[in-house]
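Dropping start36.pdb in here (PDB, C-alpha atoms):
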ATOM      1  CA  MET A1092     -53.253 -11.018 195.131
ATOM      2  CA  LEU A1093     -52.023 -14.182 193.441
ATOM      3  CA  SER A1094     -51.992 -17.437 195.391
ATOM      4  CA  ALA A1095     -49.976 -20.589 194.719
ATOM      5  CA  TYR A1096     -51.783 -23.911 194.436
ATOM      6  CA  GLY A1097     -50.985 -27.581 194.083
ATOM      7  CA  ASP A1098     -47.239 -28.067 194.128
ATOM      8  CA  GLY A1099     -46.689 -24.310 194.073
ATOM      9  CA  ARG A1100     -46.330 -24.224 190.287
ATOM     10  CA  VAL A1101     -49.865 -23.087 189.481
ATOM     11  CA  PHE A1102     -50.863 -19.563 190.423
ATOM     12  CA  GLY A1103     -54.301 -18.059 190.507
ATOM     13  CA  GLU A1104     -56.260 -15.000 191.571
ATOM     14  CA  PRO A1105     -58.996 -15.607 194.158
ATOM     15  CA  TYR A1106     -62.114 -13.452 194.006
ATOM     16  CA  GLY A1107     -64.014 -13.465 197.280
ATOM     17  CA  GLN A1108     -63.476 -15.758 200.242
ATOM     18  CA  SER A1109     -63.553 -19.548 200.368
ATOM     19  CA  PRO A1110     -65.401 -21.770 199.832
ATOM     20  CA  TYR A1111     -64.817 -21.276 196.133
ATOM     21  CA  ARG A1112     -67.491 -22.580 193.789
ATOM     22  CA  VAL A1113     -66.129 -21.585 190.359
ATOM     23  CA  VAL A1114     -62.744 -22.018 188.668
ATOM     24  CA  TRP A1115     -61.866 -20.111 185.487
ATOM     25  CA  LEU A1116     -59.509 -21.667 182.883
ATOM     26  CA  HIS A1117     -58.207 -19.372 180.146
ATOM     27  CA  GLY A1118     -57.212 -19.981 176.552
ATOM     28  CA  TRP A1119     -53.908 -20.292 174.732
ATOM     29  CA  ALA A1120     -51.521 -17.342 175.225
ATOM     30  CA  ARG A1121     -54.022 -15.748 177.632
ATOM     31  CA  GLN A1122     -54.128 -15.629 181.446
ATOM     32  CA  GLY A1123     -56.573 -15.837 184.311
ATOM     33  CA  HIS A1124     -57.020 -12.069 184.402
ATOM     34  CA  ASP A1125     -59.182 -12.391 181.267
ATOM     35  CA  PHE A1126     -61.986 -13.395 183.630
ATOM     36  CA  ALA A1127     -61.532 -10.498 186.094
ATOM     37  CA  SER A1128     -64.720  -8.655 185.140
ATOM     38  CA  SER A1129     -66.842 -11.787 185.352
ATOM     39  CA  ALA A1130     -65.211 -12.928 188.585
ATOM     40  CA  ILE A1131     -65.686  -9.520 190.228
ATOM     41  CA  GLY A1132     -69.314  -9.471 189.126
ATOM     42  CA  LEU A1133     -69.866 -12.969 190.471
ATOM     43  CA  ALA A1134     -68.204 -12.122 193.793
ATOM     44  CA  ALA A1135     -70.507  -9.099 194.143
ATOM     45  CA  LEU A1136     -73.394 -11.560 193.956
ATOM     46  CA  GLY A1137     -71.899 -13.662 196.743
ATOM     47  CA  THR A1138     -70.129 -16.400 194.775
ATOM     48  CA  SER A1139     -66.365 -16.787 195.155
ATOM     49  CA  SER A1140     -64.079 -18.088 192.430
ATOM     50  CA  VAL A1141     -60.449 -18.596 191.400
ATOM     51  CA  ALA A1142     -58.984 -17.632 188.017
ATOM     52  CA  LEU A1143     -55.941 -19.805 187.300
ATOM     53  CA  ASP A1144     -52.893 -19.010 185.200
ATOM     54  CA  LEU A1145     -52.344 -22.280 183.367
ATOM     55  CA  PRO A1146     -48.753 -23.609 183.322
ATOM     56  CA  GLY A1147     -46.670 -21.631 180.847
ATOM     57  CA  PHE A1148     -48.859 -18.519 180.976
ATOM     58  CA  GLY A1149     -49.216 -15.539 183.268
ATOM     59  CA  SER A1150     -47.405 -16.203 186.562
ATOM     60  CA  SER A1151     -47.331 -19.997 186.273
ATOM     61  CA  PRO A1152     -44.069 -21.506 184.991
ATOM     62  CA  ALA A1153     -44.072 -23.785 181.970
ATOM     63  CA  PRO A1154     -44.555 -27.517 182.469
ATOM     64  CA  THR A1155     -41.450 -29.656 182.536
ATOM     65  CA  VAL A1156     -42.912 -32.178 180.091
ATOM     66  CA  ALA A1157     -44.816 -31.300 176.933
ATOM     67  CA  GLY A1158     -48.397 -32.498 176.707
ATOM     68  CA  GLY A1159     -51.802 -31.461 175.422
ATOM     69  CA  ALA A1160     -55.052 -30.758 177.236
ATOM     70  CA  ARG A1161     -55.070 -34.223 178.777
ATOM     71  CA  SER A1162     -51.680 -33.567 180.341
ATOM     72  CA  TYR A1163     -52.816 -30.139 181.545
ATOM     73  CA  ALA A1164     -55.888 -31.709 183.128
ATOM     74  CA  GLN A1165     -53.604 -33.951 185.205
ATOM     75  CA  MET A1166     -51.739 -30.845 186.410
ATOM     76  CA  ILE A1167     -54.931 -28.973 187.319
ATOM     77  CA  VAL A1168     -56.809 -31.766 189.122
ATOM     78  CA  PRO A1169     -54.657 -31.527 192.304
ATOM     79  CA  VAL A1170     -55.330 -27.773 192.346
ATOM     80  CA  LEU A1171     -59.072 -28.388 192.180
ATOM     81  CA  ARG A1172     -58.852 -30.938 194.987
ATOM     82  CA  GLU A1173     -57.108 -28.307 197.095
ATOM     83  CA  ILE A1174     -59.680 -25.617 196.275
ATOM     84  CA  ALA A1175     -62.878 -27.643 196.303
ATOM     85  CA  ASP A1176     -65.163 -28.091 199.302
ATOM     86  CA  GLU A1177     -67.861 -29.299 196.896
ATOM     87  CA  PRO A1178     -68.104 -29.980 193.140
ATOM     88  CA  LEU A1179     -67.075 -26.928 191.146
ATOM     89  CA  VAL A1180     -68.337 -25.107 188.108
ATOM     90  CA  LEU A1181     -65.447 -25.060 185.626
ATOM     91  CA  VAL A1182     -65.482 -22.212 183.129
ATOM     92  CA  GLY A1183     -63.150 -22.754 180.183
ATOM     93  CA  HIS A1184     -62.356 -20.438 177.311
ATOM     94  CA  SER A1185     -60.740 -21.802 174.152
ATOM     95  CA  ARG A1186     -58.070 -24.389 175.139
ATOM     96  CA  GLY A1187     -59.160 -23.930 178.756
ATOM     97  CA  GLY A1188     -62.502 -25.394 177.742
ATOM     98  CA  CYS A1189     -60.754 -28.460 176.363
ATOM     99  CA  ILE A1190     -58.916 -28.914 179.661
ATOM    100  CA  ALA A1191     -62.156 -28.468 181.614
ATOM    101  CA  THR A1192     -63.849 -31.103 179.452
ATOM    102  CA  VAL A1193     -61.090 -33.634 180.084
ATOM    103  CA  ILE A1194     -61.256 -32.969 183.834
ATOM    104  CA  ALA A1195     -65.033 -33.469 183.882
ATOM    105  CA  ALA A1196     -64.706 -36.714 181.929
ATOM    106  CA  THR A1197     -61.942 -38.175 184.078
ATOM    107  CA  ASN A1198     -62.797 -36.751 187.521
ATOM    108  CA  PRO A1199     -66.598 -36.379 187.599
ATOM    109  CA  GLU A1200     -66.682 -36.044 191.382
ATOM    110  CA  LEU A1201     -64.934 -32.659 191.100
ATOM    111  CA  VAL A1202     -67.302 -31.054 188.605
ATOM    112  CA  LYS A1203     -70.839 -29.780 189.152
ATOM    113  CA  SER A1204     -71.165 -28.362 185.642
ATOM    114  CA  LEU A1205     -69.160 -26.944 182.746
ATOM    115  CA  VAL A1206     -69.370 -23.568 181.039
ATOM    116  CA  ILE A1207     -67.480 -23.721 177.748
ATOM    117  CA  THR A1208     -66.841 -20.843 175.361
ATOM    118  CA  GLY A1209     -64.939 -20.692 172.077
ATOM    119  CA  SER A1210     -63.293 -24.080 172.627
ATOM    120  CA  PRO A1211     -61.938 -26.275 169.801
ATOM    121  CA  LEU A1212     -63.522 -29.419 171.225
ATOM    122  CA  VAL A1213     -63.693 -31.200 167.880
ATOM    123  CA  ARG A1214     -61.712 -30.748 164.717
ATOM    124  CA  ARG A1215     -63.068 -28.455 162.033
ATOM    125  CA  GLU A1216     -63.348 -29.405 158.396
ATOM    126  CA  VAL A1217     -61.172 -26.758 156.771
ATOM    127  CA  SER A1218     -61.753 -26.258 153.069
ATOM    128  CA  SER A1219     -58.505 -24.435 152.321
ATOM    129  CA  LYS A1220     -55.372 -26.537 152.170
ATOM    130  CA  SER A1221     -51.828 -25.697 153.180
ATOM    131  CA  PRO A1222     -49.493 -24.807 150.305
ATOM    132  CA  LEU A1223     -48.479 -27.829 148.233
ATOM    133  CA  ARG A1224     -44.786 -27.379 149.039
ATOM    134  CA  TYR A1225     -45.503 -27.420 152.782
ATOM    135  CA  ARG A1226     -47.683 -30.515 152.498
ATOM    136  CA  LEU A1227     -44.972 -32.293 150.537
ATOM    137  CA  THR A1228     -42.352 -31.312 153.097
ATOM    138  CA  ARG A1229     -44.579 -32.561 155.923
ATOM    139  CA  SER A1230     -45.207 -35.858 154.133
ATOM    140  CA  MET A1231     -41.502 -36.379 153.460
ATOM    141  CA  HIS A1232     -40.681 -35.535 157.080
ATOM    142  CA  SER A1233     -43.122 -38.207 158.299
ATOM    143  CA  LYS A1234     -41.198 -40.726 156.156
ATOM    144  CA  GLY A1235     -37.816 -39.601 157.480
ATOM    145  CA  LEU A1236     -36.798 -37.969 154.200
ATOM    146  CA  VAL A1237     -36.681 -34.395 155.534
ATOM    147  CA  SER A1238     -34.603 -33.307 158.507
ATOM    148  CA  PRO A1239     -36.215 -31.883 161.678
ATOM    149  CA  GLN A1240     -34.425 -28.592 160.981
ATOM    150  CA  LYS A1241     -35.973 -28.259 157.513
ATOM    151  CA  MET A1242     -39.393 -29.226 158.879
ATOM    152  CA  GLU A1243     -39.104 -26.579 161.586
ATOM    153  CA  SER A1244     -38.181 -23.969 158.992
ATOM    154  CA  ALA A1245     -41.284 -24.880 156.991
ATOM    155  CA  ARG A1246     -43.480 -24.662 160.085
ATOM    156  CA  ARG A1247     -42.126 -21.203 160.827
ATOM    157  CA  ARG A1248     -43.034 -20.036 157.320
ATOM    158  CA  HIS A1249     -46.484 -21.588 157.173
ATOM    159  CA  GLY A1250     -47.531 -22.081 160.806
ATOM    160  CA  SER A1251     -50.042 -19.962 162.718
ATOM    161  CA  SER A1252     -49.059 -16.872 164.693
ATOM    162  CA  ASP A1253     -49.575 -18.868 167.918
ATOM    163  CA  TYR A1254     -47.050 -21.412 166.687
ATOM    164  CA  ARG A1255     -44.520 -18.770 165.666
ATOM    165  CA  ASN A1256     -44.907 -16.903 168.962
ATOM    166  CA  ALA A1257     -44.369 -20.030 171.061
ATOM    167  CA  SER A1258     -40.915 -21.387 171.769
ATOM    168  CA  GLY A1259     -39.228 -24.262 173.538
ATOM    169  CA  ILE A1260     -41.479 -26.660 175.376
ATOM    170  CA  MET A1261     -44.530 -24.432 174.882
ATOM    171  CA  ARG A1262     -44.244 -24.864 171.127
ATOM    172  CA  ASP A1263     -44.312 -28.621 171.657
ATOM    173  CA  VAL A1264     -47.350 -28.178 173.889
ATOM    174  CA  PHE A1265     -49.086 -26.130 171.205
ATOM    175  CA  VAL A1266     -48.451 -28.731 168.500
ATOM    176  CA  MET A1267     -49.876 -31.455 170.746
ATOM    177  CA  MET A1268     -52.961 -29.433 171.611
ATOM    178  CA  VAL A1269     -53.890 -28.497 168.048
ATOM    179  CA  ASN A1270     -53.714 -32.153 167.057
ATOM    180  CA  GLU A1271     -56.109 -33.282 169.779
ATOM    181  CA  SER A1272     -59.866 -33.754 169.550
ATOM    182  CA  TYR A1273     -62.158 -34.570 172.459
ATOM    183  CA  GLU A1274     -65.128 -36.567 171.167
ATOM    184  CA  SER A1275     -64.518 -39.412 173.636
ATOM    185  CA  GLU A1276     -64.307 -37.058 176.611
ATOM    186  CA  LEU A1277     -67.442 -35.185 175.551
ATOM    187  CA  ALA A1278     -69.338 -38.473 175.492
ATOM    188  CA  ARG A1279     -68.119 -39.381 178.994
ATOM    189  CA  VAL A1280     -68.971 -36.105 180.734
ATOM    190  CA  GLN A1281     -71.805 -36.602 183.210
ATOM    191  CA  ALA A1282     -72.169 -32.972 184.312
ATOM    192  CA  PRO A1283     -74.395 -30.485 182.476
ATOM    193  CA  ILE A1284     -72.573 -28.470 179.814
ATOM    194  CA  TYR A1285     -73.457 -24.860 179.051
ATOM    195  CA  MET A1286     -71.881 -23.629 175.816
ATOM    196  CA  VAL A1287     -71.625 -19.866 175.206
ATOM    197  CA  TRP A1288     -70.319 -18.760 171.798
ATOM    198  CA  GLY A1289     -69.733 -15.513 169.989
ATOM    199  CA  GLN A1290     -71.643 -15.337 166.717
ATOM    200  CA  ASP A1291     -68.601 -13.627 165.174
ATOM    201  CA  ASP A1292     -66.037 -16.109 166.508
ATOM    202  CA  HIS A1293     -63.886 -16.816 163.439
ATOM    203  CA  GLU A1294     -61.177 -18.717 165.342
ATOM    204  CA  VAL A1295     -63.556 -21.362 166.665
ATOM    205  CA  PRO A1296     -66.866 -20.860 164.845
ATOM    206  CA  VAL A1297     -70.289 -21.750 166.253
ATOM    207  CA  GLU A1298     -70.314 -24.788 163.954
ATOM    208  CA  VAL A1299     -67.691 -26.353 166.252
ATOM    209  CA  ALA A1300     -70.033 -26.042 169.244
ATOM    210  CA  LYS A1301     -72.876 -27.577 167.243
ATOM    211  CA  LYS A1302     -70.648 -30.430 166.116
ATOM    212  CA  ALA A1303     -69.499 -31.001 169.711
ATOM    213  CA  GLY A1304     -73.115 -31.189 170.834
ATOM    214  CA  VAL A1305     -73.601 -34.343 168.787
ATOM    215  CA  PHE A1306     -71.215 -36.224 171.084
ATOM    216  CA  ILE A1307     -72.501 -34.879 174.421
ATOM    217  CA  LYS A1308     -74.769 -37.253 176.336
ATOM    218  CA  SER A1309     -75.297 -35.124 179.449
ATOM    219  CA  PRO A1310     -77.784 -32.214 179.518
ATOM    220  CA  HIS A1311     -76.377 -29.390 177.416
ATOM    221  CA  SER A1312     -77.274 -26.095 175.795
ATOM    222  CA  LEU A1313     -75.784 -23.583 173.362
ATOM    223  CA  ARG A1314     -76.212 -19.833 173.706
ATOM    224  CA  VAL A1315     -74.973 -17.702 170.804
ATOM    225  CA  LEU A1316     -74.112 -14.053 171.484
ATOM    226  CA  ASP A1317     -74.688 -11.539 168.695
ATOM    227  CA  GLU A1318     -71.845  -9.176 167.745
ATOM    228  CA  VAL A1319     -69.367 -11.058 169.959
ATOM    229  CA  GLY A1320     -66.166 -12.684 168.725
ATOM    230  CA  HIS A1321     -63.750 -15.245 170.137
ATOM    231  CA  LEU A1322     -62.832 -13.440 173.368
ATOM    232  CA  VAL A1323     -66.138 -13.860 175.184
ATOM    233  CA  PRO A1324     -64.555 -13.298 178.651
ATOM    234  CA  LEU A1325     -63.455  -9.816 177.549
ATOM    235  CA  GLU A1326     -66.275  -8.942 175.169
ATOM    236  CA  ALA A1327     -69.280 -10.249 177.096
ATOM    237  CA  PRO A1328     -68.378 -10.773 180.783
ATOM    238  CA  SER A1329     -71.925 -10.144 182.028
ATOM    239  CA  ASP A1330     -73.302 -12.823 179.688
ATOM    240  CA  LEU A1331     -70.706 -15.209 181.056
ATOM    241  CA  VAL A1332     -71.800 -14.402 184.623
ATOM    242  CA  GLN A1333     -75.422 -15.059 183.704
ATOM    243  CA  THR A1334     -74.517 -18.484 182.319
ATOM    244  CA  VAL A1335     -72.383 -19.344 185.362
ATOM    245  CA  LEU A1336     -75.324 -18.499 187.626
ATOM    246  CA  GLU A1337     -77.452 -20.942 185.621
ATOM    247  CA  ALA A1338     -74.722 -23.564 185.974
ATOM    248  CA  LEU A1339     -74.608 -23.021 189.750
ATOM    249  CA  ALA A1340     -78.364 -23.389 190.239
TER     250      ALA A1340
END
So that I can check it, write out the structure of this file as structure tokens.
Amino acid sequence: MLSAYGDGRVFGEPYGQSPYRVVWLHGWARQGHDFASSAIGLAALGTSSVALDLPGFGSSPAPTVAGGARSYAQMIVPVLREIADEPLVLVGHSRGGCIATVIAATNPELVKSLVITGSPLVRREVSSKSPLRYRLTRSMHSKGLVSPQKMESARRRHGSSDYRNASGIMRDVFVMMVNESYESELARVQAPIYMVWGQDDHEVPVEVAKKAGVFIKSPHSLRVLDEVGHLVPLEAPSDLVQTVLEALA
């Protein structure tokens, strides 16, 4: 059964009874239920957790102001303060991992350790370029020579499926998130970081985790799962449980 947290605008599914020791943060266009198998498995071992629906996804309404992972972290911190009797293990998939990283960097007293999977923590070097016409349109828009309407039309033609599927304030949120990078937060995290990646993750390849590791100063590790893609919570829930148990020790 879903519970409301914070100001009543963030909903989550508790697994087990309090005190809760783990909080699950999902990725873009996903929801807390992605972690159900892992959370049920963890509860069977005696560890309770809460899987949140981040604002704008699942049962949680969209934020009233657009912002990236840093803004989302500010919305989630009061929820963690409500849930936590002791520092928590934060498990973040994809954009949820970015939010978890910001929380650990800015509120270290709340975080025992981080488990991060498939998260775009640092920007990738992409060899393929956008079509020339789109790049010209974007450049002219930045100089005020192309109207917002024409720029939006170009984004619709050339943007990602996540961009096209988002609308209203959530599209603004998406644009902000994809333009963020978290090197400074990674360097400030004091808690141990356990990275778990699918070898076949083509959305956020293993090279991103390795690049992120360069900036991390706290103890950290990277575990790569064979024949697993981007959706580690759905494809390898038992491996995620194993890593969370290590993070709890």
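For Phe1306 of chain A, the residues within 8 Å (counting all atoms listed in the file, excluding itself and residues fewer than 5 positions away along the chain) are Glu1274, Ser1275, Leu1277 and Ala1278 of chain A.
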- request: Could you state which residues are captured by the PyMOL selection byres ((chain A and resi 1107) around 8) in this file, as an MDAnalysis selection string?
  value: chainID A and resid 1105:1106 1108:1109 1111 1134 1137:1140
When the PyMOL selection byres ((chain A and resi 1169-1177) around 9) is applied to the structure above, which residues does it catch, written out as a tab-separated table (two decimals) with C-alpha atoms, in the frame of the given file?
chain	number	residue	atom	x	y	z
A	1096	TYR	CA	-51.78	-23.91	194.44
A	1097	GLY	CA	-50.98	-27.58	194.08
A	1098	ASP	CA	-47.24	-28.07	194.13
A	1101	VAL	CA	-49.86	-23.09	189.48
A	1109	SER	CA	-63.55	-19.55	200.37
A	1110	PRO	CA	-65.40	-21.77	199.83
A	1111	TYR	CA	-64.82	-21.28	196.13
A	1112	ARG	CA	-67.49	-22.58	193.79
A	1114	VAL	CA	-62.74	-22.02	188.67
A	1141	VAL	CA	-60.45	-18.60	191.40
A	1165	GLN	CA	-53.60	-33.95	185.20
A	1166	MET	CA	-51.74	-30.84	186.41
A	1167	ILE	CA	-54.93	-28.97	187.32
A	1168	VAL	CA	-56.81	-31.77	189.12
A	1178	PRO	CA	-68.10	-29.98	193.14
A	1179	LEU	CA	-67.08	-26.93	191.15
A	1200	GLU	CA	-66.68	-36.04	191.38
A	1201	LEU	CA	-64.93	-32.66	191.10
A	1202	VAL	CA	-67.30	-31.05	188.60
A	1203	LYS	CA	-70.84	-29.78	189.15
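For the atom pair formed by atom CA of His1232 of chain A and atom CA of Arg1255 of chain A, the distance is 19.2 Å, given to one decimal.
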task: Determine, counting only C-alpha atoms, which protein, DNA and RNA residues have an atom within 10 Å of an atom of Phe1265 of chain A; residues of the same chain fewer than 2 positions away are not included. Present the result as a ChimeraX atom specification.
output: /A:1119-1120,1157-1160,1186,1253-1254,1257-1258,1260-1263,1267-1270
task: Return as a VMD selection string the set of residues that the PyMOL selection byres ((chain A and resi 1298) around 12) yields on the displayed structure.
output: chain A and resid 1209 to 1217 1288 to 1297 1299 to 1305 1313 1315
message: What's the separation between atom CA of Val1156 of chain A and atom CA of Ala1095 of chain A, in Å to one decimal place?
response: 20.0 Å
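Once segment 1322-1326 of chain A and its same-chain neighbours fewer than 3 positions away are set aside, His1117, Asp1125, Phe1126, Ala1127, Ser1128, Ser1129, His1184, Ser1185, Thr1208, Gly1209, Val1287, Trp1288, Gly1289, Asp1292, Leu1316, Val1319, Ser1329, Asp1330 and Leu1331 of chain A remain within 9 Å of it when counting only C-alpha atoms.
For the residues A:Ala1130, A:Leu1227, A:Val1332, A:Ala1282, ranking by smallest atom-to-atom distance to Thr1197 of chain A using only C-alpha atoms places A:Ala1282 first.
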field: Distance query Ile1207 of chain A at most 9 Å, all atoms listed in the file, self and fewer than 5 positions along chain excluded, as a list in words
entry: Leu1181, Val1182, Gly1183, His1184, Ser1185, Gly1187, Gly1188, Cys1189, Ala1191, Thr1192, Ile1284, Tyr1285, Met1286, Val1287 and Trp1288 of chain A
Preceding selection exported with C-alpha atoms as an mmCIF file, keeping the file's coordinate frame:
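Result written to result_37.cif:
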data_model
loop_
_atom_site.group_PDB
_atom_site.id
_atom_site.type_symbol
_atom_site.label_atom_id
_atom_site.label_comp_id
_atom_site.auth_asym_id
_atom_site.auth_seq_id
_atom_site.Cartn_x
_atom_site.Cartn_y
_atom_site.Cartn_z
ATOM 1 C CA LEU A 1181 -65.447 -25.060 185.626
ATOM 2 C CA VAL A 1182 -65.482 -22.212 183.129
ATOM 3 C CA GLY A 1183 -63.150 -22.754 180.183
ATOM 4 C CA HIS A 1184 -62.356 -20.438 177.311
ATOM 5 C CA SER A 1185 -60.740 -21.802 174.152
ATOM 6 C CA GLY A 1187 -59.160 -23.930 178.756
ATOM 7 C CA GLY A 1188 -62.502 -25.394 177.742
ATOM 8 C CA CYS A 1189 -60.754 -28.460 176.363
ATOM 9 C CA ALA A 1191 -62.156 -28.468 181.614
ATOM 10 C CA THR A 1192 -63.849 -31.103 179.452
ATOM 11 C CA ILE A 1284 -72.573 -28.470 179.814
ATOM 12 C CA TYR A 1285 -73.457 -24.860 179.051
ATOM 13 C CA MET A 1286 -71.881 -23.629 175.816
ATOM 14 C CA VAL A 1287 -71.625 -19.866 175.206
ATOM 15 C CA TRP A 1288 -70.319 -18.760 171.798
#
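Rounded to one decimal, atom CA of Leu1336 of chain A and atom CA of Ser1272 of chain A lie 28.3 Å from each other.
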